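Note: the block below is target_20.pdb and it holds PDB, C-alpha atoms and all ligand atoms.
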ATOM      1  CA  PRO A 169     -39.764 -22.634 -20.952
ATOM      2  CA  LEU A 170     -36.203 -22.792 -19.683
ATOM      3  CA  ARG A 171     -36.201 -19.308 -18.251
ATOM      4  CA  GLY A 172     -38.526 -17.036 -16.295
ATOM      5  CA  VAL A 173     -37.952 -13.319 -15.759
ATOM      6  CA  GLY A 174     -39.486 -10.808 -13.393
ATOM      7  CA  ALA A 175     -38.872  -7.253 -12.229
ATOM      8  CA  SER A 176     -40.248  -4.753  -9.781
ATOM      9  CA  HIS A 177     -39.485  -1.275  -8.484
ATOM     10  CA  ALA A 178     -38.824   0.511  -5.203
ATOM     11  CA  LYS A 179     -41.410   2.431  -3.205
ATOM     12  CA  ALA A 180     -41.499   5.490  -0.994
ATOM     13  CA  ILE A 181     -44.032   6.272   1.693
ATOM     14  CA  LEU A 182     -45.103   9.928   1.580
ATOM     15  CA  PHE A 183     -47.310   9.790   4.689
ATOM     16  CA  GLY A 184     -48.448   7.318   7.331
ATOM     17  CA  GLU A 185     -45.568   4.918   7.957
ATOM     18  CA  HIS A 186     -45.758   3.181  11.348
ATOM     19  CA  ALA A 187     -49.349   4.350  11.957
ATOM     20  CA  VAL A 188     -50.273   2.104   8.996
ATOM     21  CA  VAL A 189     -49.192  -0.934  11.031
ATOM     22  CA  TYR A 190     -52.097  -0.114  13.407
ATOM     23  CA  GLY A 191     -54.680   0.272  10.648
ATOM     24  CA  ALA A 192     -54.205   3.946   9.701
ATOM     25  CA  PRO A 193     -54.271   4.981   6.035
ATOM     26  CA  ALA A 194     -50.969   5.759   4.318
ATOM     27  CA  ILE A 195     -49.888   7.321   1.038
ATOM     28  CA  ALA A 196     -47.094   5.836  -1.069
ATOM     29  CA  ILE A 197     -45.555   6.148  -4.523
ATOM     30  CA  PRO A 198     -43.695   3.739  -6.814
ATOM     31  CA  VAL A 199     -40.052   4.705  -7.452
ATOM     32  CA  ASP A 200     -39.532   3.402 -10.978
ATOM     33  CA  SER A 201     -35.914   4.542 -11.265
ATOM     34  CA  LEU A 202     -34.767   1.883  -8.753
ATOM     35  CA  THR A 203     -35.494  -1.687  -9.801
ATOM     36  CA  ALA A 204     -34.957  -5.290  -8.764
ATOM     37  CA  GLU A 205     -34.779  -8.134 -11.287
ATOM     38  CA  ALA A 206     -34.947 -11.917 -11.017
ATOM     39  CA  VAL A 207     -34.167 -14.561 -13.620
ATOM     40  CA  ILE A 208     -34.863 -18.239 -12.943
ATOM     41  CA  GLU A 209     -32.993 -20.504 -15.313
ATOM     42  CA  ARG A 210     -33.458 -24.260 -15.623
ATOM     43  CA  GLY A 211     -30.541 -26.665 -15.577
ATOM     44  CA  ALA A 212     -28.587 -26.592 -12.314
ATOM     45  CA  PRO A 213     -28.419 -29.276  -9.675
ATOM     46  CA  GLY A 214     -31.115 -28.633  -7.049
ATOM     47  CA  LEU A 215     -32.093 -25.021  -6.492
ATOM     48  CA  ARG A 216     -29.406 -22.316  -6.429
ATOM     49  CA  ILE A 217     -29.288 -18.590  -5.734
ATOM     50  CA  GLU A 218     -26.910 -16.150  -7.384
ATOM     51  CA  SER A 219     -26.920 -12.700  -5.802
ATOM     52  CA  SER A 220     -24.538 -10.019  -4.607
ATOM     53  CA  LEU A 221     -24.957 -11.264  -1.030
ATOM     54  CA  PHE A 222     -24.659 -14.996  -1.605
ATOM     55  CA  THR A 223     -24.174 -17.581  -4.331
ATOM     56  CA  GLY A 224     -24.864 -21.259  -3.703
ATOM     57  CA  PRO A 225     -27.591 -23.792  -2.919
ATOM     58  CA  VAL A 226     -30.689 -22.220  -1.315
ATOM     59  CA  GLU A 227     -30.334 -24.469   1.722
ATOM     60  CA  ASP A 228     -26.921 -22.890   2.483
ATOM     61  CA  ALA A 229     -28.160 -19.281   2.197
ATOM     62  CA  PRO A 230     -27.342 -17.078   5.213
ATOM     63  CA  ALA A 231     -30.109 -16.132   7.659
ATOM     64  CA  ARG A 232     -30.435 -12.596   6.241
ATOM     65  CA  LEU A 233     -31.557 -14.145   2.952
ATOM     66  CA  ALA A 234     -34.401 -16.047   4.649
ATOM     67  CA  PRO A 235     -37.068 -13.744   3.095
ATOM     68  CA  VAL A 236     -35.555 -14.357  -0.362
ATOM     69  CA  VAL A 237     -35.492 -18.134   0.156
ATOM     70  CA  THR A 238     -39.114 -17.975   1.330
ATOM     71  CA  ALA A 239     -40.091 -15.946  -1.748
ATOM     72  CA  ILE A 240     -38.379 -18.461  -4.060
ATOM     73  CA  ARG A 241     -39.881 -21.560  -2.463
ATOM     74  CA  ALA A 242     -43.395 -20.166  -1.925
ATOM     75  CA  SER A 243     -43.726 -18.649  -5.387
ATOM     76  CA  LEU A 244     -42.404 -21.718  -7.252
ATOM     77  CA  GLU A 245     -44.757 -23.906  -5.214
ATOM     78  CA  ARG A 246     -47.734 -21.626  -5.926
ATOM     79  CA  ALA A 247     -46.819 -21.354  -9.614
ATOM     80  CA  GLY A 248     -47.147 -25.144  -9.878
ATOM     81  CA  LEU A 249     -43.438 -26.004  -9.715
ATOM     82  CA  GLY A 250     -43.504 -27.762  -6.340
ATOM     83  CA  GLU A 251     -40.696 -30.228  -7.080
ATOM     84  CA  LEU A 252     -38.418 -27.421  -8.142
ATOM     85  CA  ALA A 253     -39.410 -25.463  -5.006
ATOM     86  CA  ARG A 254     -38.325 -28.402  -2.868
ATOM     87  CA  GLY A 255     -35.105 -28.906  -4.869
ATOM     88  CA  VAL A 256     -36.071 -32.473  -5.904
ATOM     89  CA  ASP A 257     -36.790 -31.665  -9.553
ATOM     90  CA  ALA A 258     -34.569 -33.606 -12.006
ATOM     91  CA  GLN A 259     -33.579 -30.447 -13.893
ATOM     92  CA  GLY A 260     -33.042 -27.950 -11.084
ATOM     93  CA  ALA A 261     -32.717 -24.176 -11.500
ATOM     94  CA  THR A 262     -30.678 -21.112 -10.629
ATOM     95  CA  VAL A 263     -32.380 -17.962  -9.341
ATOM     96  CA  ARG A 264     -30.334 -14.865 -10.271
ATOM     97  CA  ILE A 265     -31.209 -11.712  -8.366
ATOM     98  CA  ARG A 266     -30.011  -8.193  -9.156
ATOM     99  CA  SER A 267     -31.241  -5.195  -7.253
ATOM    100  CA  ALA A 268     -30.341  -1.517  -7.540
ATOM    101  CA  ILE A 269     -32.534  -0.719  -4.536
ATOM    102  CA  PRO A 270     -30.400  -0.008  -1.487
ATOM    103  CA  HIS A 271     -31.106  -2.527   1.251
ATOM    104  CA  GLU A 272     -32.580  -1.467   4.619
ATOM    105  CA  ARG A 273     -33.179   2.107   3.486
ATOM    106  CA  GLY A 274     -36.971   2.227   3.725
ATOM    107  CA  LEU A 275     -37.362   1.872  -0.047
ATOM    108  CA  GLY A 276     -39.033  -1.534  -0.105
ATOM    109  CA  SER A 277     -36.055  -3.532  -1.359
ATOM    110  CA  SER A 278     -37.196  -6.781   0.311
ATOM    111  CA  ALA A 279     -40.725  -6.492  -1.111
ATOM    112  CA  ALA A 280     -39.430  -5.549  -4.580
ATOM    113  CA  VAL A 281     -37.052  -8.534  -4.655
ATOM    114  CA  ALA A 282     -39.906 -10.844  -3.563
ATOM    115  CA  ALA A 283     -42.124  -9.369  -6.307
ATOM    116  CA  ALA A 284     -39.424  -9.883  -8.961
ATOM    117  CA  ILE A 285     -38.909 -13.507  -7.851
ATOM    118  CA  THR A 286     -42.661 -14.198  -7.832
ATOM    119  CA  ARG A 287     -43.084 -12.803 -11.342
ATOM    120  CA  ALA A 288     -40.087 -14.835 -12.568
ATOM    121  CA  ALA A 289     -41.484 -18.040 -11.015
ATOM    122  CA  PHE A 290     -44.882 -17.589 -12.684
ATOM    123  CA  ASP A 291     -43.190 -16.669 -15.967
ATOM    124  CA  LEU A 292     -41.106 -19.870 -15.799
ATOM    125  CA  ALA A 293     -44.221 -21.925 -15.056
ATOM    126  CA  GLY A 294     -46.173 -20.195 -17.824
ATOM    127  CA  SER A 295     -48.890 -19.479 -15.225
ATOM    128  CA  ALA A 296     -50.986 -16.312 -14.988
ATOM    129  CA  LEU A 297     -50.296 -14.221 -11.882
ATOM    130  CA  ASP A 298     -53.113 -12.089 -10.482
ATOM    131  CA  ASP A 299     -52.651  -9.073  -8.186
ATOM    132  CA  GLU A 300     -53.944 -10.822  -5.047
ATOM    133  CA  THR A 301     -51.658 -13.859  -5.452
ATOM    134  CA  LEU A 302     -48.697 -11.545  -6.039
ATOM    135  CA  PHE A 303     -49.618  -9.544  -2.921
ATOM    136  CA  GLU A 304     -49.983 -12.683  -0.792
ATOM    137  CA  LEU A 305     -46.652 -14.126  -1.918
ATOM    138  CA  ILE A 306     -44.791 -10.860  -1.276
ATOM    139  CA  GLN A 307     -46.440 -10.682   2.156
ATOM    140  CA  THR A 308     -45.290 -14.242   2.920
ATOM    141  CA  ALA A 309     -41.690 -13.128   2.345
ATOM    142  CA  GLU A 310     -42.229  -9.800   4.168
ATOM    143  CA  LYS A 311     -43.468 -11.633   7.280
ATOM    144  CA  VAL A 312     -40.148 -13.463   7.404
ATOM    145  CA  ALA A 313     -38.337 -10.131   6.909
ATOM    146  CA  HIS A 314     -40.146  -8.142   9.580
ATOM    147  CA  GLY A 315     -42.880  -9.938  11.451
ATOM    148  CA  THR A 316     -46.002  -7.820  11.063
ATOM    149  CA  PRO A 317     -45.838  -5.999   7.711
ATOM    150  CA  SER A 318     -48.878  -3.813   7.073
ATOM    151  CA  GLY A 319     -48.728  -4.744   3.390
ATOM    152  CA  ILE A 320     -48.044  -1.229   2.129
ATOM    153  CA  ASP A 321     -44.649  -2.218   0.709
ATOM    154  CA  ALA A 322     -46.140  -5.296  -0.979
ATOM    155  CA  ARG A 323     -48.831  -3.156  -2.611
ATOM    156  CA  THR A 324     -46.610  -0.230  -3.619
ATOM    157  CA  VAL A 325     -43.856  -2.270  -5.296
ATOM    158  CA  ALA A 326     -46.602  -3.590  -7.596
ATOM    159  CA  ALA A 327     -48.371  -0.224  -8.064
ATOM    160  CA  THR A 328     -48.117   1.942 -11.177
ATOM    161  CA  GLY A 329     -48.995   5.241  -9.507
ATOM    162  CA  ALA A 330     -49.534   6.957  -6.152
ATOM    163  CA  ILE A 331     -51.837   5.042  -3.820
ATOM    164  CA  ARG A 332     -53.792   5.350  -0.604
ATOM    165  CA  PHE A 333     -53.297   2.111   1.323
ATOM    166  CA  ASN A 334     -55.552   1.015   4.151
ATOM    167  CA  ARG A 335     -55.726  -2.391   5.829
ATOM    168  CA  GLY A 336     -54.524  -4.288   2.790
ATOM    169  CA  ALA A 337     -56.643  -2.434   0.233
ATOM    170  CA  VAL A 338     -55.374   0.123  -2.276
ATOM    171  CA  ALA A 339     -56.928   2.985  -4.192
ATOM    172  CA  PRO A 340     -55.160   5.235  -6.693
ATOM    173  CA  ILE A 341     -54.956   8.903  -5.657
ATOM    174  CA  ARG A 342     -54.814  12.010  -7.796
ATOM    175  CA  ILE A 343     -51.603  13.983  -8.173
ATOM    176  CA  GLY A 344     -52.831  17.374  -9.370
ATOM    177  CA  ALA A 345     -49.448  18.779 -10.427
ATOM    178  CA  PRO A 346     -46.032  17.183 -10.981
ATOM    179  CA  LEU A 347     -44.205  16.919  -7.660
ATOM    180  CA  THR A 348     -40.404  17.044  -7.456
ATOM    181  CA  LEU A 349     -38.921  15.225  -4.481
ATOM    182  CA  ALA A 350     -35.279  15.289  -3.391
ATOM    183  CA  PHE A 351     -34.300  11.941  -1.863
ATOM    184  CA  ALA A 352     -31.353  11.405   0.471
ATOM    185  CA  ASP A 353     -29.893   8.137   1.678
ATOM    186  CA  SER A 354     -28.582   8.746   5.188
ATOM    187  CA  GLY A 355     -26.045   5.957   4.659
ATOM    188  CA  HIS A 356     -27.277   4.310   7.852
ATOM    189  CA  PRO A 357     -29.274   1.102   7.562
ATOM    190  CA  GLY A 358     -32.644   1.097   9.292
ATOM    191  CA  SER A 359     -34.100  -2.231  10.342
ATOM    192  CA  THR A 360     -37.888  -2.138   9.815
ATOM    193  CA  ALA A 361     -38.307  -4.971  12.327
ATOM    194  CA  LYS A 362     -36.425  -2.969  14.968
ATOM    195  CA  ALA A 363     -38.260   0.285  14.213
ATOM    196  CA  VAL A 364     -41.699  -1.363  14.285
ATOM    197  CA  GLY A 365     -40.718  -3.175  17.504
ATOM    198  CA  SER A 366     -39.644   0.045  19.194
ATOM    199  CA  VAL A 367     -42.945   1.791  18.359
ATOM    200  CA  GLN A 368     -44.779  -1.244  19.730
ATOM    201  CA  ALA A 369     -42.731  -1.096  22.938
ATOM    202  CA  LEU A 370     -43.452   2.633  23.306
ATOM    203  CA  ARG A 371     -47.145   1.954  22.772
ATOM    204  CA  GLU A 372     -47.066  -0.587  25.599
ATOM    205  CA  ARG A 373     -45.262   1.823  27.935
ATOM    206  CA  GLU A 374     -47.232   4.969  27.051
ATOM    207  CA  PRO A 375     -50.392   3.843  25.270
ATOM    208  CA  GLU A 376     -52.318   7.112  25.370
ATOM    209  CA  THR A 377     -49.621   9.474  24.165
ATOM    210  CA  THR A 378     -48.405   7.025  21.540
ATOM    211  CA  ASP A 379     -51.882   6.399  20.151
ATOM    212  CA  ALA A 380     -52.508  10.157  20.014
ATOM    213  CA  LEU A 381     -49.313  10.595  17.993
ATOM    214  CA  LEU A 382     -50.209   7.714  15.669
ATOM    215  CA  SER A 383     -53.716   9.184  15.180
ATOM    216  CA  ARG A 384     -52.181  12.501  14.208
ATOM    217  CA  LEU A 385     -50.033  10.675  11.606
ATOM    218  CA  ALA A 386     -53.238   9.130  10.258
ATOM    219  CA  GLU A 387     -54.922  12.560  10.020
ATOM    220  CA  ILE A 388     -51.914  14.017   8.240
ATOM    221  CA  ALA A 389     -51.967  11.148   5.721
ATOM    222  CA  GLU A 390     -55.683  11.510   5.085
ATOM    223  CA  GLY A 391     -55.386  15.309   4.811
ATOM    224  CA  SER A 392     -52.527  15.057   2.325
ATOM    225  CA  ILE A 393     -54.813  13.498  -0.284
ATOM    226  CA  ALA A 394     -56.516  16.855  -0.967
ATOM    227  CA  ASP A 395     -53.159  18.691  -0.990
ATOM    228  CA  LEU A 396     -51.677  16.198  -3.465
ATOM    229  CA  ALA A 397     -54.779  16.494  -5.677
ATOM    230  CA  ALA A 398     -54.505  20.292  -5.558
ATOM    231  CA  GLY A 399     -50.738  20.218  -6.207
ATOM    232  CA  ASP A 400     -50.284  22.411  -3.109
ATOM    233  CA  ARG A 401     -46.527  22.088  -2.519
ATOM    234  CA  ALA A 402     -46.494  24.323   0.559
ATOM    235  CA  ALA A 403     -49.190  22.261   2.274
ATOM    236  CA  ILE A 404     -47.579  18.941   1.282
ATOM    237  CA  GLY A 405     -44.232  20.150   2.641
ATOM    238  CA  ALA A 406     -45.722  21.438   5.897
ATOM    239  CA  ALA A 407     -47.464  18.096   6.405
ATOM    240  CA  MET A 408     -44.163  16.272   5.851
ATOM    241  CA  THR A 409     -42.338  18.433   8.362
ATOM    242  CA  GLU A 410     -45.056  17.848  10.963
ATOM    243  CA  ALA A 411     -45.032  14.094  10.262
ATOM    244  CA  HIS A 412     -41.254  13.991  10.687
ATOM    245  CA  GLY A 413     -41.562  15.654  14.089
ATOM    246  CA  ILE A 414     -44.067  13.024  15.195
ATOM    247  CA  LEU A 415     -41.961  10.166  13.842
ATOM    248  CA  ASN A 416     -39.120  11.632  15.868
ATOM    249  CA  ARG A 417     -41.323  11.647  18.984
ATOM    250  CA  VAL A 418     -42.272   7.990  18.512
ATOM    251  CA  GLY A 419     -38.553   7.259  18.420
ATOM    252  CA  VAL A 420     -37.844   6.234  14.825
ATOM    253  CA  SER A 421     -35.767   9.222  13.693
ATOM    254  CA  SER A 422     -32.047   9.666  14.341
ATOM    255  CA  GLU A 423     -29.640  12.587  14.701
ATOM    256  CA  ARG A 424     -28.514  12.072  11.117
ATOM    257  CA  LEU A 425     -32.095  11.995   9.769
ATOM    258  CA  ASP A 426     -33.003  15.115  11.773
ATOM    259  CA  ALA A 427     -29.915  16.941  10.478
ATOM    260  CA  ILE A 428     -30.707  15.997   6.863
ATOM    261  CA  THR A 429     -34.355  17.141   7.096
ATOM    262  CA  GLU A 430     -33.228  20.409   8.676
ATOM    263  CA  ALA A 431     -30.653  21.009   5.943
ATOM    264  CA  ALA A 432     -33.336  20.387   3.308
ATOM    265  CA  ARG A 433     -35.642  22.974   4.885
ATOM    266  CA  GLU A 434     -32.792  25.489   5.190
ATOM    267  CA  ALA A 435     -32.168  24.977   1.465
ATOM    268  CA  GLY A 436     -35.757  26.040   0.831
ATOM    269  CA  ALA A 437     -37.571  22.693   0.731
ATOM    270  CA  ALA A 438     -41.285  23.188   1.495
ATOM    271  CA  GLY A 439     -40.860  20.346   3.988
ATOM    272  CA  ALA A 440     -38.985  17.114   4.631
ATOM    273  CA  LYS A 441     -39.333  13.850   6.507
ATOM    274  CA  LEU A 442     -37.857  10.423   6.931
ATOM    275  CA  THR A 443     -39.549   7.778   4.780
ATOM    276  CA  GLY A 444     -40.196   4.119   5.627
ATOM    277  CA  GLY A 445     -39.246   2.466   8.880
ATOM    278  CA  GLY A 446     -36.673   5.079   9.929
ATOM    279  CA  LEU A 447     -33.835   4.707  12.486
ATOM    280  CA  GLY A 448     -31.721   5.108   9.353
ATOM    281  CA  GLY A 449     -32.651   4.915   5.714
ATOM    282  CA  CYS A 450     -33.903   7.798   3.609
ATOM    283  CA  VAL A 451     -35.284  11.334   3.771
ATOM    284  CA  ILE A 452     -37.639  12.905   1.212
ATOM    285  CA  ALA A 453     -37.961  16.672   0.703
ATOM    286  CA  VAL A 454     -40.377  18.735  -1.408
ATOM    287  CA  ALA A 455     -38.590  20.854  -4.046
ATOM    288  CA  ASP A 456     -39.921  23.559  -6.391
ATOM    289  CA  ASP A 457     -38.320  21.982  -9.472
ATOM    290  CA  ALA A 458     -35.363  19.828 -10.566
ATOM    291  CA  ALA A 459     -32.764  22.600 -10.158
ATOM    292  CA  HIS A 460     -34.051  23.310  -6.664
ATOM    293  CA  ALA A 461     -33.920  19.559  -5.884
ATOM    294  CA  ASP A 462     -30.213  19.598  -6.863
ATOM    295  CA  ARG A 463     -29.537  22.425  -4.412
ATOM    296  CA  ILE A 464     -31.486  20.646  -1.661
ATOM    297  CA  GLY A 465     -29.543  17.459  -2.472
ATOM    298  CA  ALA A 466     -26.221  19.274  -2.085
ATOM    299  CA  ALA A 467     -27.355  20.674   1.287
ATOM    300  CA  MET A 468     -28.437  17.217   2.434
ATOM    301  CA  ARG A 469     -25.058  15.756   1.452
ATOM    302  CA  ARG A 470     -23.329  18.468   3.487
ATOM    303  CA  ALA A 471     -25.516  17.354   6.427
ATOM    304  CA  GLY A 472     -24.206  13.797   6.104
ATOM    305  CA  ALA A 473     -26.317  12.126   3.398
ATOM    306  CA  GLU A 474     -24.324   9.504   1.526
ATOM    307  CA  ARG A 475     -26.215   9.856  -1.723
ATOM    308  CA  THR A 476     -29.031  12.030  -3.050
ATOM    309  CA  TRP A 477     -31.223  11.883  -6.137
ATOM    310  CA  THR A 478     -34.368  13.399  -7.592
ATOM    311  CA  VAL A 479     -37.701  11.663  -8.070
ATOM    312  CA  GLU A 480     -40.367  13.296 -10.246
ATOM    313  CA  VAL A 481     -43.885  12.243  -9.321
ATOM    314  CA  PRO A 482     -45.914  12.821 -12.497
ATOM    315  CA  ALA A 483     -49.370  14.385 -12.446
ATOM    316  CA  ALA A 484     -52.009  11.666 -12.669
TER     317      ALA A 484
HETATM  318  C1  LIG B 501     -42.157   0.153   6.118
HETATM  319  O1  LIG B 501     -41.907   0.534   4.783
HETATM  320  C2  LIG B 501     -43.362   0.867   6.641
HETATM  321  C3  LIG B 501     -43.734   0.576   8.097
HETATM  322  O2  LIG B 501     -44.953   1.273   8.314
HETATM  323  C4  LIG B 501     -43.901  -0.895   8.353
HETATM  324  C5  LIG B 501     -45.090  -1.505   7.660
HETATM  325  O3  LIG B 501     -45.973  -0.795   7.209
HETATM  326  O4  LIG B 501     -45.131  -2.755   7.605
HETATM  327  C6  LIG B 501     -42.706   1.132   9.054
END
Now, as a test, write the supplied structure out as structure tokens.
Amino acid sequence: PLRGVGASHAKAILFGEHAVVYGAPAIAIPVDSLTAEAVIERGAPGLRIESSLFTGPVEDAPARLAPVVTAIRASLERAGLGELARGVDAQGATVRIRSAIPHERGLGSSAAVAAAITRAAFDLAGSALDDETLFELIQTAEKVAHGTPSGIDARTVAATGAIRFNRGAVAPIRIGAPLTLAFADSGHPGSTAKAVGSVQALREREPETTDALLSRLAEIAEGSIADLAAGDRAAIGAAMTEAHGILNRVGVSSERLDAITEAAREAGAAGAKLTGGGLGGCVIAVADDAAHADRIGAAMRRAGAERTWTVEVPAA
């Protein structure tokens, strides 16, 4: 084939971010409305990238694209296209990447782009891609992006429903009633590497208090499984609000994120929290229904959110 295509979607962590890095369970959902796509087309000298951030030979890509370059090279190599991966193939190829997932907002954009590239590489090679190989290749790129990824992003961008993630393994969880979430992008980027590093530093300075806080995040995540299965919005919201407070105490919230969660609660959200690495990025809030999510969204924009949208988590 002369062309390989691949796509993937964003993710959102409902409970357990940061604690998951230390082996705690976490709960996450796919966000199908935000996608990343990759097309690899034969017939260019060497190996080229075309993306909104950079267009040119892979070897000239800027440092911030290092995870993308890793994903391209590792997945082509693994798919059986080693010469193309090394740019010494007679035909060459261009890798076109398009992503609607905002970057550095806790929504798994780096993992989703790596997943799209991996699927495109295996499609081009005509090779079958199993879940474990996909996971490993996304993780290879994620390690370049932020050092010690737990793997939750890599699993959730390939998941088709809500999951419980623990130490690399995933299990689907039950969503007892449709759940409407209002999302807000704070407009501030949040570096996962920086956020994870600051929790690690806090853990070194104050091991006992930090571990107690991380354990509480783990309990909240585990406890949320029954609430999600029961469709208990009030309990899910209360758990989110408590989790946000703890994430604030471990130092990964920000004034803007705190203001947005507060505005959501004042607008009647059952609860709200930051999602993903924090320091910037997104907030999620539990709404009663779509109309309520619109009102919460408007309140969050008044509190400084750059953009808001609604995500419906279907019963499953
Ligand atoms: C990032 O989406 C979630 C963190 O827990 C980091 C990780 O799990 O690798 C902050």
Of the listed residues A:Ala394, A:Ala435, A:Ala389, A:Leu447, that which approaches A:Ala471 most closely, counting only C-alpha atoms | A:Ala435
Quick one: everything within 12 Å of A:Arg417, counting only C-alpha atoms, minus sequence neighbours fewer than 3 positions away in the same chain. Send it as an MDAnalysis selection string.
-> chainID A and resid 366:367 370:371 377:382 384:385 410:414 420:422 426
Can you tell me which residues sit at most 10 Å away from ligand LIG 501 (chain B), counting all atoms listed in the file, written as a PyMOL selection string?
-> chain A and resi 179-181+183-192+194+196+272-279+307+310-311+314-322+324+333+335+359-365+367+420+443-446
Can you list, as a PDB file with C-alpha atoms, keeping the file's coordinate frame, the residues that the PyMOL selection byres (((chain A and resi 451) around 12) and not hetatm) selects here?
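Saved the output as out.pdb:
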ATOM      1  CA  ALA A 180     -41.499   5.490  -0.994  1.00  0.00           C
ATOM      2  CA  ILE A 181     -44.032   6.272   1.693  1.00  0.00           C
ATOM      3  CA  LEU A 182     -45.103   9.928   1.580  1.00  0.00           C
ATOM      4  CA  ARG A 273     -33.179   2.107   3.486  1.00  0.00           C
ATOM      5  CA  GLY A 274     -36.971   2.227   3.725  1.00  0.00           C
ATOM      6  CA  LEU A 275     -37.362   1.872  -0.047  1.00  0.00           C
ATOM      7  CA  LEU A 349     -38.921  15.225  -4.481  1.00  0.00           C
ATOM      8  CA  ALA A 350     -35.279  15.289  -3.391  1.00  0.00           C
ATOM      9  CA  PHE A 351     -34.300  11.941  -1.863  1.00  0.00           C
ATOM     10  CA  ALA A 352     -31.353  11.405   0.471  1.00  0.00           C
ATOM     11  CA  ASP A 353     -29.893   8.137   1.678  1.00  0.00           C
ATOM     12  CA  SER A 354     -28.582   8.746   5.188  1.00  0.00           C
ATOM     13  CA  GLY A 355     -26.045   5.957   4.659  1.00  0.00           C
ATOM     14  CA  HIS A 356     -27.277   4.310   7.852  1.00  0.00           C
ATOM     15  CA  GLY A 358     -32.644   1.097   9.292  1.00  0.00           C
ATOM     16  CA  MET A 408     -44.163  16.272   5.851  1.00  0.00           C
ATOM     17  CA  THR A 409     -42.338  18.433   8.362  1.00  0.00           C
ATOM     18  CA  HIS A 412     -41.254  13.991  10.687  1.00  0.00           C
ATOM     19  CA  SER A 421     -35.767   9.222  13.693  1.00  0.00           C
ATOM     20  CA  SER A 422     -32.047   9.666  14.341  1.00  0.00           C
ATOM     21  CA  ARG A 424     -28.514  12.072  11.117  1.00  0.00           C
ATOM     22  CA  LEU A 425     -32.095  11.995   9.769  1.00  0.00           C
ATOM     23  CA  ASP A 426     -33.003  15.115  11.773  1.00  0.00           C
ATOM     24  CA  ALA A 427     -29.915  16.941  10.478  1.00  0.00           C
ATOM     25  CA  ILE A 428     -30.707  15.997   6.863  1.00  0.00           C
ATOM     26  CA  THR A 429     -34.355  17.141   7.096  1.00  0.00           C
ATOM     27  CA  GLU A 430     -33.228  20.409   8.676  1.00  0.00           C
ATOM     28  CA  ALA A 431     -30.653  21.009   5.943  1.00  0.00           C
ATOM     29  CA  ALA A 432     -33.336  20.387   3.308  1.00  0.00           C
ATOM     30  CA  ARG A 433     -35.642  22.974   4.885  1.00  0.00           C
ATOM     31  CA  ALA A 437     -37.571  22.693   0.731  1.00  0.00           C
ATOM     32  CA  GLY A 439     -40.860  20.346   3.988  1.00  0.00           C
ATOM     33  CA  ALA A 440     -38.985  17.114   4.631  1.00  0.00           C
ATOM     34  CA  LYS A 441     -39.333  13.850   6.507  1.00  0.00           C
ATOM     35  CA  LEU A 442     -37.857  10.423   6.931  1.00  0.00           C
ATOM     36  CA  THR A 443     -39.549   7.778   4.780  1.00  0.00           C
ATOM     37  CA  GLY A 444     -40.196   4.119   5.627  1.00  0.00           C
ATOM     38  CA  GLY A 445     -39.246   2.466   8.880  1.00  0.00           C
ATOM     39  CA  GLY A 446     -36.673   5.079   9.929  1.00  0.00           C
ATOM     40  CA  LEU A 447     -33.835   4.707  12.486  1.00  0.00           C
ATOM     41  CA  GLY A 448     -31.721   5.108   9.353  1.00  0.00           C
ATOM     42  CA  GLY A 449     -32.651   4.915   5.714  1.00  0.00           C
ATOM     43  CA  CYS A 450     -33.903   7.798   3.609  1.00  0.00           C
ATOM     44  CA  ILE A 452     -37.639  12.905   1.212  1.00  0.00           C
ATOM     45  CA  ALA A 453     -37.961  16.672   0.703  1.00  0.00           C
ATOM     46  CA  VAL A 454     -40.377  18.735  -1.408  1.00  0.00           C
ATOM     47  CA  ILE A 464     -31.486  20.646  -1.661  1.00  0.00           C
ATOM     48  CA  GLY A 465     -29.543  17.459  -2.472  1.00  0.00           C
ATOM     49  CA  MET A 468     -28.437  17.217   2.434  1.00  0.00           C
ATOM     50  CA  ARG A 469     -25.058  15.756   1.452  1.00  0.00           C
ATOM     51  CA  ALA A 471     -25.516  17.354   6.427  1.00  0.00           C
ATOM     52  CA  GLY A 472     -24.206  13.797   6.104  1.00  0.00           C
ATOM     53  CA  ALA A 473     -26.317  12.126   3.398  1.00  0.00           C
ATOM     54  CA  GLU A 474     -24.324   9.504   1.526  1.00  0.00           C
ATOM     55  CA  ARG A 475     -26.215   9.856  -1.723  1.00  0.00           C
ATOM     56  CA  THR A 476     -29.031  12.030  -3.050  1.00  0.00           C
ATOM     57  CA  TRP A 477     -31.223  11.883  -6.137  1.00  0.00           C
ATOM     58  CA  THR A 478     -34.368  13.399  -7.592  1.00  0.00           C
TER      59      THR A 478
END
Taking all atoms of stretch 175-179 of chain A that appear in the file, build a box with edges along x, y and z, extend it by 5 Å on every side, and state its centre and edge lengths in Å to one decimal, as AutoDock Vina command-line options.
--center_x -40.1 --center_y -2.4 --center_z -7.7 --size_x 12.6 --size_y 19.7 --size_z 19.0
